[in-house]
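Read the structure below first, then the notes.
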Amino acid sequence: MAEAFTRTSPSAGRQLVVAFRTTHPAHEDLVLGGALETAWRTLTGAPPAGWGTAEPVNLPWSPRQLTDLVRDRAPDPTHVIVVGHPDRPALAWIRVTRTTAGVEEDVTLTLGYRQDEALPLERVEPLAEALVVEHGLTTMLTSVRRASRDLTTAPRLQAPPVPVAFTLGARDVQGIGLTHARRPPVEVRPLALGPASAPALHYPLGDGSDAGVWTELRHLATHLRSGVAGD
């Protein structure tokens, strides 16, 4: 690695990164982008500002137009970029694919904050529940990283994000087995989200300040992969 790249300096900002996947049944009335808009509104209080297939983004935010583009490009996948308003730096990537399970949206939403600004970590669980109940959430990983508030990337080695929470959707919980999934070999105790008959599980991991949480997340992931249906 080049020496210049390894020179680090503490960032004065932080970023909240929310990466999630949703799966929808494929039907004519499906409108995409709702999960991202729900996340944007929950975490910032406002919808996205614009979207496009490349920068600079020049289209006003429109789930309907996004859906039309995806339909025109199907069965090929579609990638789009979404941006926020100037008062809250925010940037998202969406990848939409057609699979045997339906229509999947892979989303990574990143929001920037000053060091003295409070991150909306108390909204992560309500967001997870809304995505479970309304948008077919499959998985969601929320993390915090020390990086620029304006979301630019410096030509320097940066520390990885630290996990804050992991959410597993109802379909995968059922496939793993509810009893197995809710009893991981770590101190984390999951919260049930959605209908009691088919719950999703939300695993709080910390506040983003302890990189040791990565070890707990690895143990959790190993435990979930070892689960079997029919518990």
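If you're wondering about the labels, chains in the structure tokens are A, B, ... by order shown, residues count from 1 in each chain, ligands from 1 in order shown.
Every protein, DNA or RNA residue with an atom at most 9 Å from Leu43 of chain A, where only C-alpha atoms count and chain neighbours fewer than 6 positions away do not, is listed here: A:Leu111, A:Pro120, A:Leu121, A:Arg123, A:Val124, A:Leu127.
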- Message: For Glu129 of chain A, find every residue with an atom within 12 Å (counting only C-alpha atoms), except residues of its own chain fewer than 5 positions away, and show them as a list of chain:residue names.
- Response: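 Everything that qualifies: A:Ala35, A:Thr38, A:Ala39, A:Thr42, A:Arg123, A:Val124, A:Glu134, A:His135, A:Gly136, A:Leu137, A:Thr138, A:Thr139, A:Met140, A:Thr167, A:Leu168, A:Gly169, A:Ala170, A:Leu191, A:Ala192, A:Leu193, A:Gly194, A:Pro195, A:Pro199, A:Ala200, A:Leu201, A:His202.
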- Message: If we count only C-alpha atoms and set the cut-off at 12 Å, which residues sit around Arg218 of chain A, ignoring sequence neighbours fewer than 3 positions away in its own chain? Please answer as a ChimeraX atom specification.
- Response: /A:163,166,184-186,205,212-215,221-225
- Task: Determine, counting only C-alpha atoms, which protein, DNA and RNA residues have an atom within 12 Å of an atom of His27 of chain A; residues of the same chain fewer than 6 positions away are not included. Present the result as number ranges by chain.
- Result: A: 67, 71, 98, 102-103
- Looking only at the backbone, which of the residues in segment 149-189 of chain A does DSSP tag as strand (DSSP E), as an MDAnalysis selection string? chainID A and resid 162:168
- Message: Give me, as a VMD selection string, all polymer residues having an atom no more than 7 Å from Ile94 of chain A, counting only C-alpha atoms and skipping those fewer than 6 positions away in the same chain.
- Response: chain A and resid 79 to 81 105 to 108
